[in-house]
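Report on the following structure.
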Amino acid sequence: MNYRHAFHAGNFADVFKHAILIGLLEALKAKQAPFCYFDTHAGAGRYDLRGEEARKTREHEAGVMRLLQATRLPSALHIYLNLVRALNIGGSSHDLAIYPGSPLIASLLLREQDRAVLCEMQPDEAAKLKTLFVGDARVSVHARDGYAALSALLPPKERRGLVLIDPPFEAQENEFRAIEAALEAALSRWANGTYAIWYPIKLRQQTLPFQRWFGRNKIPKVLCAELLLHPDNSALRLNGCGMIMINPPWKFDRTLEELLPALRSHLAEGRFGQHRIDWLTGE
Ligand SMILES: C[S@@+](CC[C@H](N)C(=O)[O-])C[C@H]1O[C@@H](n2cnc3c(N)ncnc32)[C@H](O)[C@@H]1O
């Protein structure tokens with residue numbers, strides 16, 4: 001386990017993932033009933049963009065920084081930027097010092113009645129996560145394998161909520177097989193939950209078997225959103241990324257139809273830039 005998210009915090013893939021995450025959480029908040037947010041690969045929760053790792057790659061410059069001056073954005077992106085700005089109050093308006101990971105973004109959006117379960121296997125990252133949420137009774141941090149935790153801890157007592165699966169993909173294509181196995185177990189315990197699974201796009205032939213898995217396993221209501229910044233024909237770089245959503249909120253495809261063009265127009269490199277929104281199985 002060499003992956004450290006600090007090298008990538010705030011890059012285009014984070015903007016895409018976190019904007020969709022916000023859209024999903026806001027939709028859950030449309031009802032008063034409590035819900036549970038379950039993050040299987042939580043990371044450290046908050047990243048120092050002036051730290052050694054982020055300074056080496058500066059990936060946030062082609063990600064979140066591109067949106068800072070943007071106006072008239074879809075609601076999820078507006079909320080996203082307000083959260084990022086609030087964490088950087090007092091700093092320069094042209095630079096950022098702190099970037100929130102998925103656990104921090106979620107915790108800032110959860111209400112009193114909601115709950116978060118965060119899993120992180122890397123001990124140093126898990127320790128940072130625990131420190132970040134000391135004193136927040138709504139949040140529990142588990143230093144353990146997030147895939148195994150799904151089988152152990154689902155369904156949540158609230159019977160409403162969202163599972164985010166955001167692995168590092170160090171195992172390359174084998175990570176897709178690990179997600180499929182974990183989803184099979186999770187769905188057998190909690191078929192009605194909303195699940196969001198982030199994946200990288202390098203070569204198209206690496207993602208197709210994963211996308212076909214949902215139809216083959218007769219998993220209903222699977223929506224897929226993708227953002228491509230480069231053609232999907234090179235194994236050497238992150239050309240784009242996608243999010244598969246099982247049981248998305250009602251009309252969430254419409255939310256994505258507003259969100260993805262805005263992401264594409266702000267994050268595209270040069271003239272290339274594509275997005276797609278597809279139902280992989282029945283709407
Ligand atoms: C892409 S990062 C997560 C970023 C985070 N979701 C966010 O959006 O801010 C993936 C994280 O998963 C952790 N990890 C790797 N394998 C894991 C596993 N089996 N269970 C839980 N965490 C794992 C890594 O240490 C890393 O911190």
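Just remember, in the structure tokens the first chain shown is A, the second B, etc., residues are 1-based per chain, and ligands are 1-based in the order shown.
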
- Message: According to DSSP computed on the backbone, where in stretch 192-251 of chain A is there alpha helix (DSSP H)? Give the residues as a list of chain:residue names.
- Response: A:Arg204, A:Gln205, A:Gln206, A:Thr207, A:Leu208, A:Pro209, A:Phe210, A:Gln211, A:Arg212, A:Trp213, A:Phe214, A:Gly215, A:Arg216

- Item | Members of stretch 24-183 of chain A assigned strand (DSSP E) by DSSP, as a list in words |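 Checking each residue of stretch 24-183 of chain A, the strand (DSSP E) ones are Cys36, Tyr37, Phe38, Asp39, Arg46, Tyr47, Asp48, Ile98, Tyr99, Pro100, Arg115, Ala116, Val117, Leu118, Cys119, Val139, Ser140, Val141, His142, Gly161, Leu162, Val163, Leu164 and Ile165 of chain A.
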
Can I get the selected residues back with N, CA, C and O atoms, as a compact mmCIF listing (two decimals), in the first residue's frame?
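Written file, selection.txt:
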```txt
# COMPACT_ATOMS: atom_id res chain seq x y z
N CYS A 36 -27.13 7.20 6.64
CA CYS A 36 -25.76 6.85 6.97
C CYS A 36 -24.88 7.01 5.73
O CYS A 36 -25.24 6.53 4.64
N TYR A 37 -23.75 7.69 5.89
CA TYR A 37 -22.75 7.80 4.81
C TYR A 37 -21.61 6.83 5.14
O TYR A 37 -21.04 6.89 6.22
N PHE A 38 -21.31 5.95 4.21
CA PHE A 38 -20.33 4.89 4.44
C PHE A 38 -19.22 5.06 3.41
O PHE A 38 -19.46 4.93 2.21
N ASP A 39 -18.01 5.37 3.89
CA ASP A 39 -16.87 5.64 2.99
C ASP A 39 -15.89 4.48 3.16
O ASP A 39 -15.24 4.35 4.20
N ARG A 46 -8.36 15.27 5.15
CA ARG A 46 -8.02 16.67 4.82
C ARG A 46 -6.57 16.71 4.36
O ARG A 46 -5.74 15.99 4.91
N TYR A 47 -6.28 17.54 3.37
CA TYR A 47 -4.95 17.52 2.77
C TYR A 47 -4.34 18.92 2.76
O TYR A 47 -5.03 19.91 2.49
N ASP A 48 -3.03 18.95 3.05
CA ASP A 48 -2.29 20.20 3.07
C ASP A 48 -1.71 20.43 1.68
O ASP A 48 -0.79 19.73 1.25
N ILE A 98 -5.67 24.25 1.92
CA ILE A 98 -6.29 23.03 2.44
C ILE A 98 -7.29 22.49 1.43
O ILE A 98 -8.06 23.27 0.83
N TYR A 99 -7.28 21.18 1.26
CA TYR A 99 -8.30 20.56 0.41
C TYR A 99 -9.03 19.47 1.21
O TYR A 99 -8.38 18.63 1.84
N PRO A 100 -10.35 19.50 1.19
CA PRO A 100 -11.11 18.50 1.96
C PRO A 100 -11.26 17.19 1.19
O PRO A 100 -11.60 17.18 0.02
N ARG A 115 -25.19 10.10 10.12
CA ARG A 115 -24.04 9.40 10.70
C ARG A 115 -23.07 9.07 9.57
O ARG A 115 -23.49 8.85 8.43
N ALA A 116 -21.79 9.01 9.92
CA ALA A 116 -20.79 8.61 8.91
C ALA A 116 -19.94 7.46 9.46
O ALA A 116 -19.53 7.48 10.62
N VAL A 117 -19.69 6.47 8.61
CA VAL A 117 -18.80 5.36 8.92
C VAL A 117 -17.65 5.46 7.94
O VAL A 117 -17.87 5.42 6.72
N LEU A 118 -16.43 5.63 8.46
CA LEU A 118 -15.27 5.85 7.60
C LEU A 118 -14.27 4.72 7.78
O LEU A 118 -13.87 4.43 8.91
N CYS A 119 -13.86 4.08 6.69
CA CYS A 119 -12.87 3.00 6.76
C CYS A 119 -11.61 3.43 6.03
O CYS A 119 -11.68 3.96 4.92
N VAL A 139 -19.57 10.61 13.73
CA VAL A 139 -18.59 9.98 12.83
C VAL A 139 -17.84 8.85 13.55
O VAL A 139 -17.33 9.04 14.64
N SER A 140 -17.80 7.66 12.92
CA SER A 140 -16.93 6.61 13.48
C SER A 140 -15.89 6.23 12.45
O SER A 140 -16.19 6.09 11.25
N VAL A 141 -14.65 6.09 12.92
CA VAL A 141 -13.52 5.78 12.04
C VAL A 141 -13.06 4.36 12.32
O VAL A 141 -12.85 3.99 13.47
N HIS A 142 -12.91 3.57 11.25
CA HIS A 142 -12.47 2.18 11.38
C HIS A 142 -11.18 2.01 10.60
O HIS A 142 -11.16 2.19 9.38
N GLY A 161 -29.17 5.62 2.92
CA GLY A 161 -27.83 6.15 2.89
C GLY A 161 -27.05 5.87 1.64
O GLY A 161 -27.57 5.35 0.64
N LEU A 162 -25.77 6.22 1.74
CA LEU A 162 -24.88 6.19 0.58
C LEU A 162 -23.57 5.52 0.95
O LEU A 162 -22.98 5.82 1.99
N VAL A 163 -23.13 4.60 0.09
CA VAL A 163 -21.81 3.98 0.22
C VAL A 163 -20.93 4.55 -0.89
O VAL A 163 -21.29 4.45 -2.07
N LEU A 164 -19.79 5.15 -0.51
CA LEU A 164 -18.81 5.60 -1.52
C LEU A 164 -17.66 4.60 -1.53
O LEU A 164 -17.07 4.32 -0.48
N ILE A 165 -17.36 4.08 -2.73
CA ILE A 165 -16.23 3.15 -2.88
C ILE A 165 -15.21 3.84 -3.78
O ILE A 165 -15.47 4.05 -4.97
```

Counting only C-alpha atoms and all ligand atoms, what are the residues of chain A within 6 Å of ligand 1, and for each of them which pair of atoms is the nearest and at what distance in Å, to one decimal? Sort the table by chain and rising number, as CSV.
```
residue,atom,partner,partner_atom_place_in_ligand_line,distance
A:Tyr3,CA,ligand 1,24 (C),6.0
A:Arg4,CA,ligand 1,27 (O),5.8
A:His5,CA,ligand 1,2 (S),5.1
A:Thr40,CA,ligand 1,21 (C),5.6
A:His41,CA,ligand 1,12 (O),3.9
A:Ala42,CA,ligand 1,6 (N),4.3
A:Gly43,CA,ligand 1,27 (O),3.4
A:Gly45,CA,ligand 1,9 (O),5.8
A:Gly101,CA,ligand 1,9 (O),3.1
A:Ser102,CA,ligand 1,9 (O),4.0
A:Cys119,CA,ligand 1,21 (C),5.3
A:Glu120,CA,ligand 1,22 (N),3.8
A:Met121,CA,ligand 1,22 (N),4.1
A:Gln122,CA,ligand 1,25 (O),4.5
A:Arg144,CA,ligand 1,21 (C),5.9
A:Asp145,CA,ligand 1,20 (N),3.5
A:Gly146,CA,ligand 1,20 (N),3.8
A:Tyr147,CA,ligand 1,19 (N),5.9
A:Asp166,CA,ligand 1,6 (N),5.1
A:Pro167,CA,ligand 1,10 (C),4.6
A:Pro168,CA,ligand 1,10 (C),4.4
```

- Determine, counting only C-alpha atoms, which protein, DNA and RNA residues have an atom within 10 Å of an atom of stretch 273-283 of chain A; residues of the same chain fewer than 3 positions away are not included. Present the result as a VMD selection string. chain A and resid 211 to 216 218 to 231 239 to 248 250 to 251 253 to 254 256 to 257 260 to 261 263 to 270

- Task: Please provide as a list of chain:residue names all residues within 10 Å of A:Ala33, with the sequence filter that same-chain residues fewer than 5 positions apart are discarded (counting only C-alpha atoms).
- Result: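 The residues that qualify are A:Leu28, A:Gln113, A:Asp114, A:Glu158, A:Arg159, A:Arg160.
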
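Ranking A:Gly90, A:Gly51, A:Pro249, A:Pro209 by their shortest atom-to-atom distance to A:Lys29, with only C-alpha atoms included, puts A:Pro249 first.
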
- Quick one: residues within 12 Å of A:Gln205, only C-alpha atoms counted, chain neighbours fewer than 6 positions away excluded, as an NGL selection string? :A and (173 or 211-212 or 232-235)

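The gap separating atom CA of A:Lys17 from atom CA of A:Leu203 is 19.4 Å, in Å to one decimal.
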
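Among the candidates A:Glu258, A:Asp95, A:Asp14, A:Glu26, the residue lying nearest to A:Leu109 is A:Glu26 (atoms considered: only C-alpha atoms).
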
- Item | Shell of 12 Å around A:Leu96, only C-alpha atoms, local chain residues under 4 positions omitted, as number ranges by chain | A: 9-10, 47-51, 54-55, 58, 60-61, 63-68, 81, 84-92, 100

Can I get the selected residues back with N, CA, C and O atoms, as an mmCIF file, in the first residue's frame?
```
data_model
loop_
_atom_site.group_PDB
_atom_site.id
_atom_site.type_symbol
_atom_site.label_atom_id
_atom_site.label_comp_id
_atom_site.auth_asym_id
_atom_site.auth_seq_id
_atom_site.Cartn_x
_atom_site.Cartn_y
_atom_site.Cartn_z
ATOM 1 N N ALA A 9 -4.605 15.244 -4.213
ATOM 2 C CA ALA A 9 -5.743 15.963 -3.630
ATOM 3 C C ALA A 9 -6.130 17.186 -4.465
ATOM 4 O O ALA A 9 -5.278 17.990 -4.831
ATOM 5 N N GLY A 10 -7.412 17.284 -4.769
ATOM 6 C CA GLY A 10 -7.926 18.443 -5.497
ATOM 7 C C GLY A 10 -7.703 18.379 -6.995
ATOM 8 O O GLY A 10 -7.956 19.354 -7.709
ATOM 9 N N TYR A 47 -6.280 17.541 3.366
ATOM 10 C CA TYR A 47 -4.947 17.525 2.766
ATOM 11 C C TYR A 47 -4.338 18.925 2.759
ATOM 12 O O TYR A 47 -5.032 19.910 2.488
ATOM 13 N N ASP A 48 -3.035 18.952 3.048
ATOM 14 C CA ASP A 48 -2.287 20.197 3.073
ATOM 15 C C ASP A 48 -1.706 20.429 1.678
ATOM 16 O O ASP A 48 -0.785 19.733 1.254
ATOM 17 N N LEU A 49 -2.249 21.403 0.961
ATOM 18 C CA LEU A 49 -1.785 21.638 -0.415
ATOM 19 C C LEU A 49 -0.425 22.325 -0.443
ATOM 20 O O LEU A 49 0.189 22.445 -1.494
ATOM 21 N N ARG A 50 0.047 22.755 0.743
ATOM 22 C CA ARG A 50 1.400 23.334 0.794
ATOM 23 C C ARG A 50 2.401 22.316 1.304
ATOM 24 O O ARG A 50 3.572 22.619 1.489
ATOM 25 N N GLY A 51 1.913 21.102 1.558
ATOM 26 C CA GLY A 51 2.792 20.033 2.048
ATOM 27 C C GLY A 51 3.658 19.484 0.927
ATOM 28 O O GLY A 51 3.439 19.770 -0.258
ATOM 29 N N ALA A 54 1.818 17.409 -2.108
ATOM 30 C CA ALA A 54 1.042 18.222 -3.062
ATOM 31 C C ALA A 54 1.950 19.159 -3.841
ATOM 32 O O ALA A 54 1.711 19.440 -5.019
ATOM 33 N N ARG A 55 3.018 19.648 -3.191
ATOM 34 C CA ARG A 55 3.924 20.574 -3.892
ATOM 35 C C ARG A 55 4.699 19.870 -4.997
ATOM 36 O O ARG A 55 5.090 20.481 -5.984
ATOM 37 N N ARG A 58 1.477 19.211 -7.743
ATOM 38 C CA ARG A 58 0.618 20.391 -7.998
ATOM 39 C C ARG A 58 -0.611 20.032 -8.847
ATOM 40 O O ARG A 58 -1.062 20.810 -9.683
ATOM 41 N N HIS A 60 -3.623 19.903 -8.045
ATOM 42 C CA HIS A 60 -4.827 20.714 -7.790
ATOM 43 C C HIS A 60 -4.905 21.922 -8.724
ATOM 44 O O HIS A 60 -5.957 22.504 -8.901
ATOM 45 N N GLU A 61 -3.764 22.296 -9.321
ATOM 46 C CA GLU A 61 -3.791 23.462 -10.220
ATOM 47 C C GLU A 61 -4.645 23.193 -11.459
ATOM 48 O O GLU A 61 -5.267 24.099 -11.994
ATOM 49 N N GLY A 63 -7.139 21.174 -11.325
ATOM 50 C CA GLY A 63 -8.393 20.661 -10.767
ATOM 51 C C GLY A 63 -9.163 21.792 -10.103
ATOM 52 O O GLY A 63 -9.632 22.722 -10.774
ATOM 53 N N VAL A 64 -9.222 21.734 -8.778
ATOM 54 C CA VAL A 64 -10.052 22.686 -8.042
ATOM 55 C C VAL A 64 -9.693 24.143 -8.340
ATOM 56 O O VAL A 64 -10.577 25.007 -8.416
ATOM 57 N N MET A 65 -8.403 24.440 -8.573
ATOM 58 C CA MET A 65 -8.002 25.832 -8.813
ATOM 59 C C MET A 65 -8.671 26.418 -10.058
ATOM 60 O O MET A 65 -8.921 27.619 -10.125
ATOM 61 N N ARG A 66 -8.972 25.552 -11.033
ATOM 62 C CA ARG A 66 -9.582 26.036 -12.281
ATOM 63 C C ARG A 66 -11.011 26.557 -12.055
ATOM 64 O O ARG A 66 -11.560 27.237 -12.908
ATOM 65 N N LEU A 67 -11.610 26.133 -10.927
ATOM 66 C CA LEU A 67 -13.006 26.516 -10.696
ATOM 67 C C LEU A 67 -13.157 27.711 -9.774
ATOM 68 O O LEU A 67 -14.256 28.249 -9.629
ATOM 69 N N LEU A 68 -12.054 28.108 -9.144
ATOM 70 C CA LEU A 68 -12.180 29.109 -8.075
ATOM 71 C C LEU A 68 -12.817 30.420 -8.534
ATOM 72 O O LEU A 68 -13.539 31.049 -7.776
ATOM 73 N N LEU A 81 -17.521 24.512 -3.918
ATOM 74 C CA LEU A 81 -16.565 25.623 -3.835
ATOM 75 C C LEU A 81 -16.736 26.420 -2.552
ATOM 76 O O LEU A 81 -15.754 26.891 -1.982
ATOM 77 N N VAL A 84 -14.852 24.498 0.074
ATOM 78 C CA VAL A 84 -13.395 24.653 -0.096
ATOM 79 C C VAL A 84 -12.970 26.047 0.363
ATOM 80 O O VAL A 84 -11.994 26.212 1.102
ATOM 81 N N ARG A 85 -13.731 27.061 -0.040
ATOM 82 C CA ARG A 85 -13.378 28.441 0.339
ATOM 83 C C ARG A 85 -13.456 28.624 1.854
ATOM 84 O O ARG A 85 -12.594 29.255 2.455
ATOM 85 N N ALA A 86 -14.484 28.046 2.459
ATOM 86 C CA ALA A 86 -14.659 28.213 3.911
ATOM 87 C C ALA A 86 -13.470 27.611 4.665
ATOM 88 O O ALA A 86 -13.052 28.129 5.699
ATOM 89 N N LEU A 87 -12.915 26.525 4.150
ATOM 90 C CA LEU A 87 -11.762 25.903 4.812
ATOM 91 C C LEU A 87 -10.485 26.704 4.608
ATOM 92 O O LEU A 87 -9.485 26.468 5.275
ATOM 93 N N ASN A 88 -10.527 27.630 3.647
ATOM 94 C CA ASN A 88 -9.321 28.401 3.324
ATOM 95 C C ASN A 88 -9.478 29.883 3.656
ATOM 96 O O ASN A 88 -8.729 30.710 3.134
ATOM 97 N N ILE A 89 -10.438 30.173 4.524
ATOM 98 C CA ILE A 89 -10.698 31.577 4.868
ATOM 99 C C ILE A 89 -9.429 32.220 5.433
ATOM 100 O O ILE A 89 -8.712 31.588 6.205
ATOM 101 N N GLY A 90 -9.166 33.435 5.030
ATOM 102 C CA GLY A 90 -7.974 34.127 5.533
ATOM 103 C C GLY A 90 -6.778 33.942 4.616
ATOM 104 O O GLY A 90 -5.799 34.664 4.714
ATOM 105 N N GLY A 91 -6.882 32.974 3.687
ATOM 106 C CA GLY A 91 -5.764 32.755 2.762
ATOM 107 C C GLY A 91 -5.950 33.580 1.496
ATOM 108 O O GLY A 91 -6.869 34.386 1.397
ATOM 109 N N SER A 92 -5.074 33.369 0.532
ATOM 110 C CA SER A 92 -5.146 34.113 -0.727
ATOM 111 C C SER A 92 -6.334 33.627 -1.555
ATOM 112 O O SER A 92 -6.669 32.450 -1.543
ATOM 113 N N PRO A 100 -10.352 19.497 1.188
ATOM 114 C CA PRO A 100 -11.106 18.505 1.962
ATOM 115 C C PRO A 100 -11.261 17.185 1.195
ATOM 116 O O PRO A 100 -11.599 17.178 0.015
#
```

- Message: Please report the interatomic distance between atom CA of A:Phe169 and atom CA of A:Lys56 in Å with one decimal.
- Response: 20.7 Å
